[in-house]
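Containing PDB, C-alpha atoms: input-v3.pdb.
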MODEL        1
ATOM      1  CA  MET A  12      56.766   9.569  43.377
ATOM      2  CA  LYS A  13      58.320   6.934  41.124
ATOM      3  CA  GLU A  14      57.010   3.373  41.307
ATOM      4  CA  PHE A  15      59.114   0.318  41.900
ATOM      5  CA  SER A  16      59.208  -1.888  38.803
ATOM      6  CA  PHE A  17      57.409  -4.733  40.607
ATOM      7  CA  GLN A  18      54.384  -2.477  41.161
ATOM      8  CA  LYS A  19      53.684  -2.675  37.432
ATOM      9  CA  LEU A  20      53.425  -6.476  37.472
ATOM     10  CA  GLU A  21      49.862  -7.801  37.440
ATOM     11  CA  VAL A  22      50.975 -10.863  39.420
ATOM     12  CA  TRP A  23      52.323  -8.611  42.187
ATOM     13  CA  LYS A  24      49.073  -6.624  42.254
ATOM     14  CA  ARG A  25      46.938  -9.758  42.407
ATOM     15  CA  SER A  26      49.084 -11.454  45.044
ATOM     16  CA  SER A  27      49.045  -8.300  47.177
ATOM     17  CA  ARG A  28      45.249  -8.195  46.912
ATOM     18  CA  LEU A  29      45.150 -11.912  47.796
ATOM     19  CA  ALA A  30      47.185 -11.248  50.952
ATOM     20  CA  CYS A  31      44.766  -8.466  51.944
ATOM     21  CA  ASP A  32      41.788 -10.745  51.275
ATOM     22  CA  VAL A  33      43.335 -13.467  53.440
ATOM     23  CA  TYR A  34      43.787 -11.004  56.291
ATOM     24  CA  SER A  35      40.167  -9.870  55.922
ATOM     25  CA  GLU A  36      38.896 -13.442  55.922
ATOM     26  CA  LEU A  37      40.834 -14.246  59.100
ATOM     27  CA  LYS A  38      40.201 -11.021  61.029
ATOM     28  CA  ASN A  39      37.989 -12.832  63.588
ATOM     29  CA  CYS A  40      40.025 -16.042  63.700
ATOM     30  CA  HIS A  41      41.175 -17.012  67.194
ATOM     31  CA  ASP A  42      43.399 -19.896  66.091
ATOM     32  CA  TYR A  43      46.440 -17.648  66.209
ATOM     33  CA  GLY A  44      48.948 -20.304  65.189
ATOM     34  CA  LEU A  45      47.138 -21.192  61.977
ATOM     35  CA  LYS A  46      46.255 -17.556  61.329
ATOM     36  CA  ASP A  47      49.935 -16.634  61.618
ATOM     37  CA  GLN A  48      50.978 -19.423  59.238
ATOM     38  CA  ILE A  49      48.350 -18.524  56.638
ATOM     39  CA  THR A  50      49.033 -14.799  56.704
ATOM     40  CA  ARG A  51      52.804 -15.350  56.512
ATOM     41  CA  ALA A  52      52.377 -17.526  53.416
ATOM     42  CA  ALA A  53      50.046 -14.969  51.839
ATOM     43  CA  VAL A  54      52.381 -12.031  52.497
ATOM     44  CA  SER A  55      55.367 -14.049  51.305
ATOM     45  CA  ILE A  56      54.030 -14.230  47.747
ATOM     46  CA  PRO A  57      54.104 -10.511  46.807
ATOM     47  CA  SER A  58      57.137  -9.954  49.049
ATOM     48  CA  ASN A  59      59.223 -12.493  47.149
ATOM     49  CA  ILE A  60      58.032 -11.111  43.806
ATOM     50  CA  ALA A  61      59.154  -7.645  44.899
ATOM     51  CA  GLU A  62      62.490  -8.869  46.227
ATOM     52  CA  GLY A  63      63.218 -10.785  43.046
ATOM     53  CA  GLU A  64      62.357  -7.874  40.800
ATOM     54  CA  GLU A  65      64.759  -5.675  42.741
ATOM     55  CA  ARG A  66      67.633  -8.088  42.080
ATOM     56  CA  GLU A  67      70.131  -7.444  39.324
ATOM     57  CA  SER A  68      69.661 -10.477  37.106
ATOM     58  CA  HIS A  69      66.871 -12.509  35.576
ATOM     59  CA  ALA A  70      68.298 -15.626  37.245
ATOM     60  CA  GLU A  71      68.007 -14.036  40.688
ATOM     61  CA  SER A  72      64.526 -12.782  39.842
ATOM     62  CA  ALA A  73      63.472 -16.302  38.817
ATOM     63  CA  ARG A  74      64.838 -17.692  42.088
ATOM     64  CA  PHE A  75      62.566 -15.439  44.141
ATOM     65  CA  LEU A  76      59.633 -16.098  41.817
ATOM     66  CA  TYR A  77      60.102 -19.800  42.623
ATOM     67  CA  PHE A  78      59.902 -18.921  46.327
ATOM     68  CA  ALA A  79      56.686 -16.979  45.680
ATOM     69  CA  LYS A  80      55.252 -19.898  43.700
ATOM     70  CA  GLY A  81      56.067 -22.242  46.564
ATOM     71  CA  SER A  82      54.340 -19.912  49.001
ATOM     72  CA  SER A  83      51.209 -19.981  46.859
ATOM     73  CA  GLY A  84      51.089 -23.767  47.247
ATOM     74  CA  GLU A  85      51.728 -23.434  50.954
ATOM     75  CA  LEU A  86      48.900 -20.897  51.221
ATOM     76  CA  ALA A  87      46.453 -23.144  49.361
ATOM     77  CA  THR A  88      47.343 -26.091  51.615
ATOM     78  CA  GLN A  89      46.817 -24.060  54.767
ATOM     79  CA  ILE A  90      43.478 -22.759  53.494
ATOM     80  CA  PHE A  91      42.339 -26.331  52.761
ATOM     81  CA  ILE A  92      43.228 -27.221  56.342
ATOM     82  CA  ALA A  93      41.437 -24.119  57.671
ATOM     83  CA  ILE A  94      38.307 -25.126  55.740
ATOM     84  CA  GLU A  95      38.497 -28.714  56.992
ATOM     85  CA  ILE A  96      38.806 -27.731  60.654
ATOM     86  CA  GLY A  97      36.104 -25.069  60.405
ATOM     87  CA  VAL A  98      38.281 -21.993  60.748
ATOM     88  CA  MET A  99      37.297 -20.716  57.310
ATOM     89  CA  GLU A 100      33.996 -20.911  55.444
ATOM     90  CA  LYS A 101      34.315 -23.339  52.544
ATOM     91  CA  GLN A 102      33.031 -21.039  49.785
ATOM     92  CA  ASN A 103      35.297 -18.148  50.815
ATOM     93  CA  GLY A 104      38.283 -20.437  51.279
ATOM     94  CA  LEU A 105      37.853 -22.025  47.863
ATOM     95  CA  LYS A 106      37.761 -18.570  46.252
ATOM     96  CA  LEU A 107      41.078 -17.774  47.923
ATOM     97  CA  VAL A 108      42.513 -21.117  46.809
ATOM     98  CA  GLN A 109      41.427 -20.410  43.224
ATOM     99  CA  GLU A 110      43.140 -17.021  43.310
ATOM    100  CA  ALA A 111      46.292 -18.630  44.753
ATOM    101  CA  ARG A 112      46.165 -21.175  41.905
ATOM    102  CA  GLU A 113      45.861 -18.398  39.302
ATOM    103  CA  VAL A 114      48.698 -16.411  40.887
ATOM    104  CA  SER A 115      50.814 -19.573  40.855
ATOM    105  CA  ALA A 116      50.147 -20.046  37.132
ATOM    106  CA  MET A 117      51.086 -16.419  36.472
ATOM    107  CA  LEU A 118      54.298 -16.922  38.422
ATOM    108  CA  GLY A 119      55.097 -20.030  36.384
ATOM    109  CA  ALA A 120      54.728 -18.036  33.174
ATOM    110  CA  LEU A 121      56.889 -15.205  34.505
ATOM    111  CA  ILE A 122      59.557 -17.691  35.621
ATOM    112  CA  LYS A 123      59.732 -19.029  32.069
ATOM    113  CA  ILE A 124      60.215 -15.499  30.780
ATOM    114  CA  ARG A 125      62.914 -14.706  33.343
ATOM    115  CA  LYS A 126      64.742 -17.956  32.593
ATOM    116  CA  GLY A 127      64.674 -17.204  28.863
ATOM    117  CA  CYS A 128      62.373 -20.091  27.944
ATOM    118  CA  VAL A 129      59.801 -17.650  26.558
ATOM    119  CA  LYS A 130      60.538 -14.363  24.871
ATOM    120  CA  GLU A 131      58.791 -11.288  26.272
ATOM    121  CA  ASP A 132      56.208  -9.555  24.092
ATOM    122  CA  GLY A 133      57.351  -6.416  22.373
ATOM    123  CA  VAL A 134      61.037  -7.292  22.442
ATOM    124  CA  ASN A 135      62.710  -7.760  19.098
ATOM    125  CA  TYR A 136      65.492 -10.272  19.732
ATOM    126  CA  HIS A 137      66.376 -10.576  16.054
ATOM    127  CA  ALA A 138      66.648  -6.915  15.189
ATOM    128  CA  GLU A 139      69.343  -5.891  12.774
ATOM    129  CA  PRO A 140      72.208  -4.008  14.412
ATOM    130  CA  ARG A 141      72.041  -0.256  14.179
ATOM    131  CA  THR A 142      74.361   1.349  11.681
TER
ENDMDL
END
Would you kindly transcribe this structure into structure tokens?
Amino acid sequence: MKEFSFQKLEVWKRSSRLACDVYSELKNCHDYGLKDQITRAAVSIPSNIAEGEERESHAESARFLYFAKGSSGELATQIFIAIEIGVMEKQNGLKLVQEAREVSAMLGALIKIRKGCVKEDGVNYHAEPRT
């Protein structure tokens, strides 16, 4: 079975794993409102990456990568709140926040590539035309 192109992206893989880790961390959480908010933010990150990569232009891809990057900030904020109110153990929460921060940085780099600010590795933009 052929993969979707987004499945090859390390940032999609890591954000998907992050979403799974968030679900695992909150499996016994009875604050259903906060749990819902946190899991929605976590799932939104890889979902927006996937949606953007399935679009037809780099500009559209970048737009959805921005959404994913925003969701990573939202996720970190909600985890900080969960730690503060005792819903999540501090050490585990801070590990999740660190991963969200790293995913956000990866998204920022990919946005720059999609917007043409950085050239992708392995692409020869100055190649001589074929004769």
Inset, instruction - Name the residues that the PyMOL selection byres ((chain A and resi 117) around 12) pulls out of this structure, and write them as a ChimeraX atom specification. - result: /A:20-26,56,60,76-77,79-80,83,110-116,118-124
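Residue nearest Ser16 (chain A), chosen from A:Cys128, A:Leu86, A:Val98, A:Ala61 and counting only C-alpha atoms: A:Ala61.
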If you count only C-alpha atoms, the residue of A:Lys101, A:His41, A:Phe15, A:Ala53 closest to Arg66 (chain A) turns out to be A:Phe15
task: Have a look at CA of Glu67 (chain A) and CA of Phe17 (chain A) and let me know their distance in Å, one decimal.
output: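 Between CA of Glu67 (chain A) and CA of Phe17 (chain A) the gap works out to 13.1 Å.
Residues in contact with Ala87 (chain A) at up to 10 Å, not including ones fewer than 2 positions away on its chain and judged by only C-alpha atoms, are Ile49, Ala52, Ala53, Ser82, Ser83, Gly84, Glu85, Gln89, Ile90, Phe91, Ile92, Ala93, Gly104, Leu105, Leu107, Val108, Gln109, Glu110, Ala111 and Arg112 of chain A.
Omitting Asp42 (chain A) and its sequence neighbours fewer than 2 positions away, and counting all atoms listed in the file, the residues within 12 Å are A:Leu37, A:Lys38, A:Asn39, A:Cys40, A:Gly44, A:Leu45, A:Lys46, A:Asp47, A:Gln48, A:Ile49, A:Ala93, A:Ile96, A:Gly97, A:Val98, A:Met99.
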Q.
Would you compute the distance between CA of Ser55 (chain A) and CA of Ser27 (chain A)? Give it in Å to one decimal.
A.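 Result for CA of Ser55 (chain A) versus CA of Ser27 (chain A): 9.5 Å, one decimal.
Interatomic distance, CA of Arg125 (chain A) against CA of His69 (chain A): 5.0 Å.
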